[in-house]
file structure02.pdb (PDB, C-alpha atoms)
ATOM      1  CA  MET A   1      47.439   7.021 104.647
ATOM      2  CA  GLU A   2      43.991   8.613 104.968
ATOM      3  CA  TYR A   3      42.096   6.054 102.879
ATOM      4  CA  LYS A   4      42.096   2.322 103.575
ATOM      5  CA  SER A   5      40.598   0.962 100.365
ATOM      6  CA  LEU A   6      39.490   1.747  96.838
ATOM      7  CA  GLU A   7      36.555  -0.138  95.307
ATOM      8  CA  ILE A   8      35.952  -0.072  91.544
ATOM      9  CA  SER A   9      32.837  -1.528  89.931
ATOM     10  CA  TRP A  10      32.153  -1.237  86.213
ATOM     11  CA  ILE A  11      30.551  -2.626  83.080
ATOM     12  CA  PHE A  12      32.114  -2.852  79.628
ATOM     13  CA  GLU A  13      30.804  -3.845  76.218
ATOM     14  CA  THR A  14      32.607  -6.116  73.745
ATOM     15  CA  ASP A  15      32.081  -7.193  70.163
ATOM     16  CA  LEU A  16      32.557 -10.838  69.139
ATOM     17  CA  THR A  17      35.341 -12.345  71.225
ATOM     18  CA  ASN A  18      36.458 -15.227  73.414
ATOM     19  CA  MET A  19      38.586 -13.536  76.058
ATOM     20  CA  ASN A  20      38.999 -16.519  78.380
ATOM     21  CA  ALA A  21      38.204 -19.873  76.756
ATOM     22  CA  GLY A  22      37.259 -23.030  78.606
ATOM     23  CA  GLU A  23      38.931 -26.373  77.950
ATOM     24  CA  GLY A  24      36.516 -27.728  75.327
ATOM     25  CA  SER A  25      37.520 -30.626  73.093
ATOM     26  CA  SER A  26      40.780 -30.936  71.172
ATOM     27  CA  ASN A  27      39.572 -28.758  68.298
ATOM     28  CA  LEU A  28      37.025 -26.480  70.013
ATOM     29  CA  LYS A  29      37.655 -23.480  72.256
ATOM     30  CA  GLU A  30      34.474 -23.055  74.271
ATOM     31  CA  ILE A  31      33.090 -19.918  75.864
ATOM     32  CA  LYS A  32      33.214 -20.123  79.660
ATOM     33  CA  SER A  33      29.616 -19.790  80.773
ATOM     34  CA  TYR A  34      27.346 -19.664  83.821
ATOM     35  CA  ASN A  35      23.588 -19.464  84.383
ATOM     36  CA  ASN A  36      22.730 -21.609  81.353
ATOM     37  CA  GLY A  37      24.772 -19.840  78.720
ATOM     38  CA  LEU A  38      25.799 -16.379  79.941
ATOM     39  CA  PRO A  39      29.542 -15.856  79.308
ATOM     40  CA  TYR A  40      32.107 -14.953  81.947
ATOM     41  CA  ILE A  41      35.797 -14.095  82.211
ATOM     42  CA  SER A  42      37.538 -15.572  85.245
ATOM     43  CA  GLY A  43      38.953 -13.439  88.058
ATOM     44  CA  GLN A  44      42.352 -14.978  87.332
ATOM     45  CA  SER A  45      42.186 -13.695  83.759
ATOM     46  CA  MET A  46      41.130 -10.230  84.975
ATOM     47  CA  ARG A  47      44.095 -10.064  87.372
ATOM     48  CA  HIS A  48      46.458 -11.274  84.644
ATOM     49  CA  ALA A  49      45.238  -8.507  82.304
ATOM     50  CA  LEU A  50      45.638  -5.947  85.099
ATOM     51  CA  ARG A  51      49.200  -7.079  85.835
ATOM     52  CA  GLU A  52      50.145  -6.947  82.151
ATOM     53  CA  ALA A  53      48.666  -3.443  81.784
ATOM     54  CA  MET A  54      50.729  -2.283  84.755
ATOM     55  CA  LYS A  55      53.908  -3.903  83.405
ATOM     56  CA  ARG A  56      53.562  -2.076  80.104
ATOM     57  CA  GLU A  57      53.972   1.257  81.911
ATOM     58  CA  ASN A  58      56.247   0.162  84.782
ATOM     59  CA  LYS A  59      58.301  -2.766  83.527
ATOM     60  CA  GLU A  60      61.276  -2.008  85.769
ATOM     61  CA  LYS A  61      59.067  -2.306  88.884
ATOM     62  CA  PHE A  62      58.233  -5.973  88.231
ATOM     63  CA  LYS A  63      61.391  -7.737  89.337
ATOM     64  CA  CYS A  64      60.165 -11.342  89.231
ATOM     65  CA  THR A  65      57.329 -13.499  87.900
ATOM     66  CA  PRO A  66      54.386 -15.181  89.666
ATOM     67  CA  GLU A  67      56.005 -18.559  88.939
ATOM     68  CA  TYR A  68      59.330 -17.539  90.522
ATOM     69  CA  PRO A  69      58.562 -14.906  93.196
ATOM     70  CA  CYS A  70      61.329 -13.039  94.963
ATOM     71  CA  GLY A  71      59.326 -12.078  98.082
ATOM     72  CA  ASP A  72      60.683  -8.496  98.078
ATOM     73  CA  ILE A  73      57.459  -6.542  98.666
ATOM     74  CA  GLU A  74      59.348  -3.321  99.344
ATOM     75  CA  ASN A  75      60.741  -3.107  95.822
ATOM     76  CA  CYS A  76      58.913  -5.651  93.653
ATOM     77  CA  TRP A  77      55.382  -4.865  92.484
ATOM     78  CA  THR A  78      54.759  -8.473  91.469
ATOM     79  CA  CYS A  79      55.143  -9.752  95.023
ATOM     80  CA  ASP A  80      53.676  -6.736  96.795
ATOM     81  CA  LEU A  81      50.536  -6.234  94.698
ATOM     82  CA  PHE A  82      49.752  -9.750  93.470
ATOM     83  CA  GLY A  83      50.918 -11.913  96.368
ATOM     84  CA  TYR A  84      53.153 -14.986  96.383
ATOM     85  CA  LEU A  85      53.783 -18.365  97.929
ATOM     86  CA  LEU A  86      57.294 -19.509  98.900
ATOM     87  CA  PRO A  87      56.841 -22.981 100.459
ATOM     88  CA  GLY A  88      60.592 -23.509 100.924
ATOM     89  CA  GLU A  89      60.789 -20.438 103.149
ATOM     90  CA  GLY A  90      57.397 -20.950 104.759
ATOM     91  CA  SER A  91      56.392 -17.521 103.453
ATOM     92  CA  LYS A  92      53.272 -16.311 101.674
ATOM     93  CA  ARG A  93      51.465 -13.040 101.014
ATOM     94  CA  TRP A  94      47.815 -12.366 100.356
ATOM     95  CA  SER A  95      47.300 -10.023  97.438
ATOM     96  CA  PRO A  96      45.930  -6.553  98.307
ATOM     97  CA  ILE A  97      44.196  -6.629  94.889
ATOM     98  CA  LYS A  98      40.969  -8.650  94.726
ATOM     99  CA  ALA A  99      39.188  -9.169  91.403
ATOM    100  CA  SER A 100      35.785 -10.641  90.653
ATOM    101  CA  PRO A 101      35.005 -12.595  87.479
ATOM    102  CA  ALA A 102      33.562 -10.454  84.696
ATOM    103  CA  LEU A 103      30.009 -11.746  84.312
ATOM    104  CA  GLY A 104      28.173 -11.415  81.001
ATOM    105  CA  GLN A 105      24.789  -9.768  81.453
ATOM    106  CA  ILE A 106      23.028 -10.223  78.096
ATOM    107  CA  ARG A 107      21.819 -13.531  76.662
ATOM    108  CA  GLU A 108      23.317 -13.387  73.160
ATOM    109  CA  PRO A 109      23.713 -16.202  70.591
ATOM    110  CA  ILE A 110      27.112 -17.879  70.349
ATOM    111  CA  THR A 111      28.945 -17.721  67.023
ATOM    112  CA  THR A 112      31.361 -20.498  66.044
ATOM    113  CA  ASP A 113      34.409 -19.408  64.092
ATOM    114  CA  LEU A 114      36.531 -21.736  61.935
ATOM    115  CA  ILE A 115      40.266 -21.408  62.579
ATOM    116  CA  PHE A 116      42.660 -22.881  59.997
ATOM    117  CA  ARG A 117      46.339 -22.667  59.243
ATOM    118  CA  MET A 118      47.184 -20.720  56.106
ATOM    119  CA  VAL A 119      49.931 -22.310  53.972
ATOM    120  CA  GLU A 120      51.640 -21.340  50.759
ATOM    121  CA  ASP A 121      49.746 -22.472  47.687
ATOM    122  CA  ILE A 122      51.143 -25.631  46.040
ATOM    123  CA  LYS A 123      50.782 -25.867  42.254
ATOM    124  CA  CYS A 124      51.155 -28.876  40.004
ATOM    125  CA  PRO A 125      54.406 -28.470  38.009
ATOM    126  CA  GLU A 126      52.667 -29.933  34.954
ATOM    127  CA  CYS A 127      49.343 -28.065  34.696
ATOM    128  CA  GLN A 128      49.950 -25.282  37.269
ATOM    129  CA  LYS A 129      46.637 -26.008  38.981
ATOM    130  CA  SER A 130      46.431 -25.334  42.735
ATOM    131  CA  ILE A 131      46.271 -28.705  44.455
ATOM    132  CA  TYR A 132      46.521 -27.776  48.163
ATOM    133  CA  PRO A 133      44.544 -28.340  50.297
ATOM    134  CA  LEU A 134      42.475 -30.384  47.794
ATOM    135  CA  ALA A 135      45.169 -33.076  47.503
ATOM    136  CA  ALA A 136      45.372 -33.544  51.252
ATOM    137  CA  ARG A 137      41.609 -33.801  51.589
ATOM    138  CA  GLU A 138      41.338 -36.346  48.755
ATOM    139  CA  GLN A 139      43.955 -38.498  50.444
ATOM    140  CA  GLY A 140      41.995 -38.306  53.703
ATOM    141  CA  VAL A 141      44.905 -36.956  55.762
ATOM    142  CA  LYS A 142      45.580 -33.779  57.759
ATOM    143  CA  GLU A 143      49.362 -33.920  57.492
ATOM    144  CA  ILE A 144      51.733 -34.588  54.614
ATOM    145  CA  LYS A 145      55.485 -34.906  55.178
ATOM    146  CA  LYS A 146      58.048 -33.302  52.907
ATOM    147  CA  GLY A 147      58.988 -35.652  50.038
ATOM    148  CA  LYS A 148      55.763 -37.660  50.138
ATOM    149  CA  PRO A 149      54.238 -38.087  46.635
ATOM    150  CA  LEU A 150      51.281 -35.879  45.792
ATOM    151  CA  LYS A 151      48.930 -36.559  42.893
ATOM    152  CA  CYS A 152      47.388 -33.711  40.961
ATOM    153  CA  PRO A 153      43.602 -34.233  40.805
ATOM    154  CA  GLU A 154      43.474 -32.377  37.472
ATOM    155  CA  CYS A 155      46.120 -34.006  35.283
ATOM    156  CA  GLY A 156      47.088 -37.023  37.375
ATOM    157  CA  LYS A 157      50.810 -36.177  37.578
ATOM    158  CA  GLU A 158      52.639 -37.212  40.728
ATOM    159  CA  PHE A 159      55.383 -35.133  42.400
ATOM    160  CA  ASP A 160      56.969 -34.821  45.835
ATOM    161  CA  ALA A 161      55.579 -32.425  48.494
ATOM    162  CA  PRO A 162      58.015 -29.480  48.717
ATOM    163  CA  TYR A 163      57.589 -29.072  52.511
ATOM    164  CA  ASP A 164      55.661 -30.435  55.494
ATOM    165  CA  ILE A 165      51.971 -29.621  55.190
ATOM    166  CA  ARG A 166      49.632 -29.636  58.164
ATOM    167  CA  GLN A 167      45.994 -28.945  57.490
ATOM    168  CA  ALA A 168      45.060 -27.707  60.986
ATOM    169  CA  LEU A 169      41.388 -26.966  61.531
ATOM    170  CA  ALA A 170      39.779 -25.883  64.793
ATOM    171  CA  TYR A 171      36.702 -24.052  65.998
ATOM    172  CA  LYS A 172      36.266 -21.230  68.480
ATOM    173  CA  GLN A 173      33.104 -19.974  70.116
ATOM    174  CA  LEU A 174      32.655 -16.182  70.077
ATOM    175  CA  ILE A 175      30.074 -13.944  71.705
ATOM    176  CA  LYS A 176      29.356 -10.230  72.103
ATOM    177  CA  ASN A 177      28.148  -9.025  75.473
ATOM    178  CA  ILE A 178      28.150  -6.510  78.295
ATOM    179  CA  TYR A 179      30.227  -7.658  81.278
ATOM    180  CA  LYS A 180      30.021  -6.576  84.909
ATOM    181  CA  THR A 181      33.084  -6.805  87.142
ATOM    182  CA  SER A 182      34.721  -5.220  90.184
ATOM    183  CA  LEU A 183      38.115  -4.670  91.749
ATOM    184  CA  SER A 184      39.103  -4.032  95.355
ATOM    185  CA  ILE A 185      42.395  -2.426  96.366
ATOM    186  CA  ASP A 186      43.462  -2.814  99.985
ATOM    187  CA  ILE A 187      45.433   0.452 100.098
ATOM    188  CA  ALA A 188      46.475   0.129 103.739
ATOM    189  CA  ASN A 189      48.234  -3.199 103.132
ATOM    190  CA  ILE A 190      50.182  -2.206 100.026
ATOM    191  CA  GLY A 191      53.884  -2.291 100.858
ATOM    192  CA  LEU A 192      53.183  -3.481 104.409
ATOM    193  CA  ASP A 193      54.372  -6.707 106.016
ATOM    194  CA  GLU A 194      53.701  -7.397 109.682
ATOM    195  CA  VAL A 195      54.729 -10.232 111.991
ATOM    196  CA  PRO A 196      53.599 -11.108 115.526
ATOM    197  CA  LYS A 197      55.589  -9.372 118.261
ATOM    198  CA  ILE A 198      56.454 -11.858 120.995
ATOM    199  CA  ASP A 199      57.620 -10.795 124.466
ATOM    200  CA  GLY A 200      58.780 -13.918 126.263
ATOM    201  CA  ASP A 201      55.867 -16.304 125.906
ATOM    202  CA  LYS A 202      53.223 -13.617 125.294
ATOM    203  CA  LEU A 203      51.879 -12.021 122.130
ATOM    204  CA  ASN A 204      52.303  -8.256 122.280
ATOM    205  CA  GLY A 205      50.702  -6.972 119.073
ATOM    206  CA  VAL A 206      52.354  -6.944 115.653
ATOM    207  CA  GLU A 207      55.514  -5.429 114.275
ATOM    208  CA  ALA A 208      55.949  -4.011 110.766
ATOM    209  CA  ILE A 209      59.076  -5.413 109.127
ATOM    210  CA  VAL A 210      58.262  -3.624 105.852
ATOM    211  CA  ASN A 211      56.253  -0.410 105.646
ATOM    212  CA  ILE A 212      56.830   1.725 102.569
ATOM    213  CA  ASP A 213      56.403   5.504 102.506
ATOM    214  CA  ASP A 214      52.893   6.784 101.761
ATOM    215  CA  ASN A 215      54.088   8.567  98.610
ATOM    216  CA  VAL A 216      55.402   5.259  97.250
ATOM    217  CA  ARG A 217      52.151   3.557  98.257
ATOM    218  CA  ILE A 218      50.119   6.177  96.388
ATOM    219  CA  GLU A 219      52.306   5.687  93.295
ATOM    220  CA  ARG A 220      51.367   1.998  93.264
ATOM    221  CA  VAL A 221      47.669   2.727  93.752
ATOM    222  CA  LYS A 222      47.734   5.231  90.877
ATOM    223  CA  SER A 223      49.323   2.602  88.639
ATOM    224  CA  ILE A 224      46.542   0.133  89.482
ATOM    225  CA  VAL A 225      43.893   2.765  88.738
ATOM    226  CA  ASN A 226      45.435   3.675  85.376
ATOM    227  CA  ALA A 227      45.863   0.003  84.447
ATOM    228  CA  THR A 228      42.192  -0.659  85.209
ATOM    229  CA  TYR A 229      41.265   1.895  82.573
ATOM    230  CA  ASN A 230      43.693   0.282  80.091
ATOM    231  CA  LEU A 231      42.704  -3.388  80.470
ATOM    232  CA  SER A 232      43.307  -5.159  77.167
ATOM    233  CA  ASP A 233      45.736  -8.085  77.581
ATOM    234  CA  PHE A 234      43.310 -10.974  77.299
ATOM    235  CA  ALA A 235      43.595 -14.149  75.229
ATOM    236  CA  ASN A 236      43.455 -14.073  71.412
ATOM    237  CA  GLN A 237      43.641 -10.286  71.146
ATOM    238  CA  SER A 238      45.646 -10.487  67.923
ATOM    239  CA  ARG A 239      42.510 -11.737  66.124
ATOM    240  CA  GLU A 240      39.618 -10.503  68.258
ATOM    241  CA  MET A 241      40.790  -7.152  69.565
ATOM    242  CA  VAL A 242      38.539  -5.847  72.342
ATOM    243  CA  ASN A 243      39.085  -4.081  75.653
ATOM    244  CA  ALA A 244      37.698  -4.152  79.165
ATOM    245  CA  SER A 245      37.953  -0.400  79.752
ATOM    246  CA  PRO A 246      34.950   0.783  81.790
ATOM    247  CA  ASP A 247      31.903   2.121  79.929
ATOM    248  CA  PHE A 248      30.080   2.827  83.188
ATOM    249  CA  VAL A 249      32.168   2.937  86.355
ATOM    250  CA  VAL A 250      31.738   3.653  90.052
ATOM    251  CA  LEU A 251      34.826   4.230  92.223
ATOM    252  CA  GLY A 252      34.783   4.552  95.988
ATOM    253  CA  LEU A 253      37.592   5.751  98.252
ATOM    254  CA  GLN A 254      36.902   4.496 101.769
ATOM    255  CA  LYS A 255      38.406   4.797 105.240
ATOM    256  CA  GLN A 256      37.063   1.312 105.933
ATOM    257  CA  TYR A 257      37.846  -1.864 103.997
ATOM    258  CA  ASN A 258      34.808  -3.581 102.502
ATOM    259  CA  HIS A 259      33.444  -4.645  99.131
ATOM    260  CA  ARG A 260      30.026  -2.974  99.348
ATOM    261  CA  LEU A 261      30.311  -1.159  96.025
ATOM    262  CA  ALA A 262      31.064  -4.408  94.179
ATOM    263  CA  SER A 263      27.319  -5.072  94.078
ATOM    264  CA  ALA A 264      26.259  -1.558  93.033
ATOM    265  CA  ILE A 265      25.600  -2.339  89.351
ATOM    266  CA  LYS A 266      22.985  -4.928  88.465
ATOM    267  CA  MET A 267      21.615  -5.446  84.953
ATOM    268  CA  ASP A 268      18.822  -7.525  83.499
ATOM    269  CA  GLU A 269      19.190  -9.476  80.267
ATOM    270  CA  GLU A 270      17.733  -6.572  78.264
ATOM    271  CA  GLY A 271      20.605  -4.298  79.315
ATOM    272  CA  ASN A 272      18.740  -2.229  81.922
ATOM    273  CA  VAL A 273      20.537  -1.179  85.118
ATOM    274  CA  ASN A 274      18.494  -1.741  88.263
ATOM    275  CA  ILE A 275      18.166   1.928  89.303
ATOM    276  CA  GLU A 276      16.540   1.337  92.697
ATOM    277  CA  HIS A 277      19.237  -1.152  93.706
ATOM    278  CA  PHE A 278      22.007   1.121  92.418
ATOM    279  CA  GLU A 279      20.807   4.109  94.435
ATOM    280  CA  SER A 280      20.355   2.003  97.564
ATOM    281  CA  VAL A 281      23.904   0.628  97.437
ATOM    282  CA  ILE A 282      25.456   4.031  96.705
ATOM    283  CA  CYS A 283      23.549   5.749  99.511
ATOM    284  CA  ASP A 284      24.462   2.920 101.883
ATOM    285  CA  ALA A 285      28.158   3.223 100.978
ATOM    286  CA  LEU A 286      28.048   7.000 101.473
ATOM    287  CA  GLU A 287      26.992   6.401 105.069
ATOM    288  CA  MET A 288      30.533   5.242 105.832
ATOM    289  CA  GLU A 289      32.701   7.990 107.262
ATOM    290  CA  ASP A 290      34.296  10.306 104.663
ATOM    291  CA  THR A 291      33.689   7.938 101.764
ATOM    292  CA  LYS A 292      34.139   9.601  98.368
ATOM    293  CA  ILE A 293      32.409   8.108  95.316
ATOM    294  CA  CYS A 294      32.967   9.069  91.672
ATOM    295  CA  ALA A 295      31.065   7.821  88.630
ATOM    296  CA  GLY A 296      31.455   8.177  84.870
ATOM    297  CA  LEU A 297      29.399   6.978  81.909
ATOM    298  CA  ILE A 298      29.890   6.375  78.181
ATOM    299  CA  LYS A 299      26.573   6.888  76.404
ATOM    300  CA  GLY A 300      24.963   4.230  74.243
ATOM    301  CA  ILE A 301      25.746   1.182  76.404
ATOM    302  CA  VAL A 302      22.934   0.958  78.971
ATOM    303  CA  ASN A 303      19.414   0.435  77.653
ATOM    304  CA  ASN A 304      17.697   2.607  80.296
ATOM    305  CA  GLU A 305      20.361   5.304  80.004
ATOM    306  CA  ASP A 306      17.989   8.238  80.601
ATOM    307  CA  LYS A 307      16.825   6.857  83.947
ATOM    308  CA  LEU A 308      20.411   6.093  84.955
ATOM    309  CA  ILE A 309      21.539   9.634  84.119
ATOM    310  CA  ASP A 310      18.634  11.049  86.149
ATOM    311  CA  SER A 311      19.710   8.866  89.072
ATOM    312  CA  LEU A 312      23.334   9.992  88.773
ATOM    313  CA  ASP A 313      22.274  13.648  88.626
ATOM    314  CA  LYS A 314      20.258  13.159  91.812
ATOM    315  CA  LEU A 315      23.180  11.461  93.582
ATOM    316  CA  ASN A 316      25.507  14.227  92.377
ATOM    317  CA  LYS A 317      23.776  16.607  94.781
ATOM    318  CA  LYS A 318      25.222  14.665  97.719
ATOM    319  CA  ASP A 319      28.430  16.071  99.222
ATOM    320  CA  ASN A 320      30.641  12.998  98.735
ATOM    321  CA  PHE A 321      29.382  11.889  95.308
ATOM    322  CA  THR A 322      30.881  13.280  92.082
ATOM    323  CA  LEU A 323      29.412  12.657  88.640
ATOM    324  CA  CYS A 324      32.147  13.049  86.028
ATOM    325  CA  LYS A 325      31.892  13.614  82.280
ATOM    326  CA  SER A 326      33.368  10.217  81.420
ATOM    327  CA  PRO A 327      34.910   7.119  83.027
ATOM    328  CA  LYS A 328      38.396   8.544  82.399
ATOM    329  CA  ASP A 329      37.460  11.738  84.243
ATOM    330  CA  ALA A 330      36.206   9.615  87.144
ATOM    331  CA  PHE A 331      39.555   7.825  87.343
ATOM    332  CA  ASN A 332      41.412  11.137  87.243
ATOM    333  CA  GLU A 333      39.169  12.521  89.984
ATOM    334  CA  VAL A 334      40.032   9.596  92.274
ATOM    335  CA  ILE A 335      43.729  10.070  91.551
ATOM    336  CA  SER A 336      43.415  13.742  92.499
ATOM    337  CA  PHE A 337      41.834  12.721  95.839
ATOM    338  CA  LEU A 338      44.807  10.457  96.502
TER
END
call {"tool": "encode", "arguments": {"input": "structure02.pdb", "output": "structure tokens"}}
result
Amino acid sequence: MEYKSLEISWIFETDLTNMNAGEGSSNLKEIKSYNNGLPYISGQSMRHALREAMKRENKEKFKCTPEYPCGDIENCWTCDLFGYLLPGEGSKRWSPIKASPALGQIREPITTDLIFRMVEDIKCPECQKSIYPLAAREQGVKEIKKGKPLKCPECGKEFDAPYDIRQALAYKQLIKNIYKTSLSIDIANIGLDEVPKIDGDKLNGVEAIVNIDDNVRIERVKSIVNATYNLSDFANQSREMVNASPDFVVLGLQKQYNHRLASAIKMDEEGNVNIEHFESVICDALEMEDTKICAGLIKGIVNNEDKLIDSLDKLNKKDNFTLCKSPKDAFNEVISFL
């Protein structure tokens, strides 16, 4: 395999959402936050969303679950790409996929949303007035069992509750933001398992007990790349549908393994990308032998977009840097290099 690693760094914008809630109290789902109120999505949640995006397109390749790993890295993408721990066998595998938390960049106000359980309307058989949830509130309870007498607040008639009623109320914090995150793919170690080679009482290098074909390795890398563009399986997406697809992305194919490009994008709280820092990191990464970097941008996300585009146009004149029309084109360009 010519390339050893693929680094992906990107930002994405969301509307109101809570993609990875903290513990909170019993009836409040809090936004996870850092730096006095900026939201973040944990690296664990990012990897979970990546795995689910890959499974949607390649379900037959995932032959076990993280809770019950099979350890077959040659055939199972769960164990090969996301690592495992088998204490009973004394076996473990470090994941070749590293993910950073997605860090919110803009200081936005938090919105608190009321969540309640919708139930079928209950009417008084005498006056046909709707008495739920008013009856439950007047009785000072959150739950009414089937058969328990209810009293109509309008006409005073009593009758039995037709079914169990639970007046469940909770609150959820929501926020809109721009998030910065990065992903590192250790291409060289996908589908590879090595053990020490012992000659007598001396260590004589390592021996590969599993080493998949490069074409199979590339297939797995392509799946990771496509899944990164399709990230969407976060918490609560049935009510707060958002996605983590890149709006501005930088991808670097490298013959050395490092995470240099993970720090390429820096934003201030007004939504401006630090252009000087961005150019410095990109130029530094291009100094590595035969590194290829692709970038793509969706307009309308970055506040200082004009300056960023000027910077990208300038970098595009370098031999190993390619400015693409969109993030999707940048992903396709990397796949074509592979």
call {"tool": "resolve_selection", "arguments": {"input": "structure02.pdb", "expression": "the PyMOL selection byres ((chain A and resi 336) around 12)", "output": "ChimeraX atom specification"}}
result
/A:218,221-222,225,253,292,294,329-335,337-338
call {"tool": "residues_around", "arguments": {"input": "structure02.pdb", "residues": "Leu251 (chain A)", "least_positions_apart": "3", "cutoff": "12 Å", "atoms": "all atoms listed in the file", "output": "CSV table (one decimal) with C-alpha atoms, in the frame of the given file"}}
result
chain,number,residue,atom,x,y,z
A,5,SER,CA,40.6,1.0,100.4
A,6,LEU,CA,39.5,1.7,96.8
A,7,GLU,CA,36.6,-0.1,95.3
A,8,ILE,CA,36.0,-0.1,91.5
A,9,SER,CA,32.8,-1.5,89.9
A,10,TRP,CA,32.2,-1.2,86.2
A,182,SER,CA,34.7,-5.2,90.2
A,183,LEU,CA,38.1,-4.7,91.7
A,184,SER,CA,39.1,-4.0,95.4
A,185,ILE,CA,42.4,-2.4,96.4
A,225,VAL,CA,43.9,2.8,88.7
A,228,THR,CA,42.2,-0.7,85.2
A,229,TYR,CA,41.3,1.9,82.6
A,246,PRO,CA,35.0,0.8,81.8
A,248,PHE,CA,30.1,2.8,83.2
A,254,GLN,CA,36.9,4.5,101.8
A,259,HIS,CA,33.4,-4.6,99.1
A,260,ARG,CA,30.0,-3.0,99.3
A,261,LEU,CA,30.3,-1.2,96.0
A,262,ALA,CA,31.1,-4.4,94.2
A,264,ALA,CA,26.3,-1.6,93.0
A,265,ILE,CA,25.6,-2.3,89.4
A,282,ILE,CA,25.5,4.0,96.7
A,285,ALA,CA,28.2,3.2,101.0
A,286,LEU,CA,28.0,7.0,101.5
A,291,THR,CA,33.7,7.9,101.8
A,292,LYS,CA,34.1,9.6,98.4
A,293,ILE,CA,32.4,8.1,95.3
A,294,CYS,CA,33.0,9.1,91.7
A,295,ALA,CA,31.1,7.8,88.6
A,296,GLY,CA,31.5,8.2,84.9
A,297,LEU,CA,29.4,7.0,81.9
A,320,ASN,CA,30.6,13.0,98.7
A,321,PHE,CA,29.4,11.9,95.3
A,322,THR,CA,30.9,13.3,92.1
A,323,LEU,CA,29.4,12.7,88.6
A,324,CYS,CA,32.1,13.0,86.0
A,327,PRO,CA,34.9,7.1,83.0
A,328,LYS,CA,38.4,8.5,82.4
A,329,ASP,CA,37.5,11.7,84.2
A,330,ALA,CA,36.2,9.6,87.1
A,331,PHE,CA,39.6,7.8,87.3
A,332,ASN,CA,41.4,11.1,87.2
A,333,GLU,CA,39.2,12.5,90.0
A,334,VAL,CA,40.0,9.6,92.3
A,335,ILE,CA,43.7,10.1,91.6
A,337,PHE,CA,41.8,12.7,95.8
call {"tool": "resolve_selection", "arguments": {"input": "structure02.pdb", "expression": "the PyMOL selection byres ((chain A and resi 73) around 12)", "output": "MDAnalysis selection string"}}
result
chainID A and resid 61:64 69:72 74:84 92:96 189:194 209:212 217 220
call {"tool": "closest_residue", "arguments": {"input": "structure02.pdb", "among": "A:Pro149, A:Gly252, A:Gly88, A:Pro125", "to": "Tyr3 (chain A)", "atoms": "only C-alpha atoms"}}
result
A:Gly252
call {"tool": "closest_residue", "arguments": {"input": "structure02.pdb", "among": "A:Lys202, A:Lys59, A:Lys318, A:Lys172", "to": "Thr112 (chain A)", "atoms": "only C-alpha atoms"}}
result
A:Lys172
call {"tool": "resolve_selection", "arguments": {"input": "structure02.pdb", "expression": "the PyMOL selection byres ((chain A and resi 18) around 7)", "output": "JSON, numbers by chain"}}
result
{"A": [17, 19, 20, 21, 31, 173, 174, 175]}
call {"tool": "closest_residue", "arguments": {"input": "structure02.pdb", "among": "A:Leu38, A:Ile11, A:Met46, A:Val281", "to": "Ala235 (chain A)", "atoms": "all atoms listed in the file"}}
result
A:Met46
call {"tool": "residues_near_point", "arguments": {"input": "structure02.pdb", "point": "(28.0, 6.8, 74.6)", "cutoff": "12 Å", "atoms": "all atoms listed in the file", "output": "PDB file with C-alpha atoms, in the frame of the given file"}}
result
ATOM      1  CA  PHE A  12      32.114  -2.852  79.628  1.00  0.00           C
ATOM      2  CA  GLU A  13      30.804  -3.845  76.218  1.00  0.00           C
ATOM      3  CA  PRO A 246      34.950   0.783  81.790  1.00  0.00           C
ATOM      4  CA  ASP A 247      31.903   2.121  79.929  1.00  0.00           C
ATOM      5  CA  PHE A 248      30.080   2.827  83.188  1.00  0.00           C
ATOM      6  CA  GLY A 296      31.455   8.177  84.870  1.00  0.00           C
ATOM      7  CA  LEU A 297      29.399   6.978  81.909  1.00  0.00           C
ATOM      8  CA  ILE A 298      29.890   6.375  78.181  1.00  0.00           C
ATOM      9  CA  LYS A 299      26.573   6.888  76.404  1.00  0.00           C
ATOM     10  CA  GLY A 300      24.963   4.230  74.243  1.00  0.00           C
ATOM     11  CA  ILE A 301      25.746   1.182  76.404  1.00  0.00           C
ATOM     12  CA  VAL A 302      22.934   0.958  78.971  1.00  0.00           C
ATOM     13  CA  ASN A 303      19.414   0.435  77.653  1.00  0.00           C
ATOM     14  CA  GLU A 305      20.361   5.304  80.004  1.00  0.00           C
ATOM     15  CA  ASP A 306      17.989   8.238  80.601  1.00  0.00           C
ATOM     16  CA  ILE A 309      21.539   9.634  84.119  1.00  0.00           C
ATOM     17  CA  LYS A 325      31.892  13.614  82.280  1.00  0.00           C
ATOM     18  CA  SER A 326      33.368  10.217  81.420  1.00  0.00           C
ATOM     19  CA  PRO A 327      34.910   7.119  83.027  1.00  0.00           C
TER      20      PRO A 327
END
call {"tool": "residues_near_point", "arguments": {"input": "structure02.pdb", "point": "(46.3, -9.0, 73.0)", "cutoff": "12 Å", "atoms": "only C-alpha atoms", "output": "PyMOL selection string"}}
result
chain A and resi 17-20+48-49+52-53+230-244
call {"tool": "residues_around", "arguments": {"input": "structure02.pdb", "residues": "Lys151 (chain A)", "least_positions_apart": "3", "cutoff": "9 Å", "atoms": "only C-alpha atoms", "output": "NGL selection string"}}
result
:A and (124 or 131 or 135 or 154-160)
call {"tool": "closest_residue", "arguments": {"input": "structure02.pdb", "among": "A:Gly147, A:Ile187, A:Lys307, A:Leu315", "to": "Glu219 (chain A)", "atoms": "all atoms listed in the file"}}
result
A:Ile187
call {"tool": "atom_distance", "arguments": {"input": "structure02.pdb", "atom1": "CA of Val273 (chain A)", "atom2": "CA of Lys317 (chain A)"}}
result
20.5 Å
call {"tool": "atom_distance", "arguments": {"input": "structure02.pdb", "atom1": "CA of Asn258 (chain A)", "atom2": "CA of Asn274 (chain A)"}}
result
21.7 Å
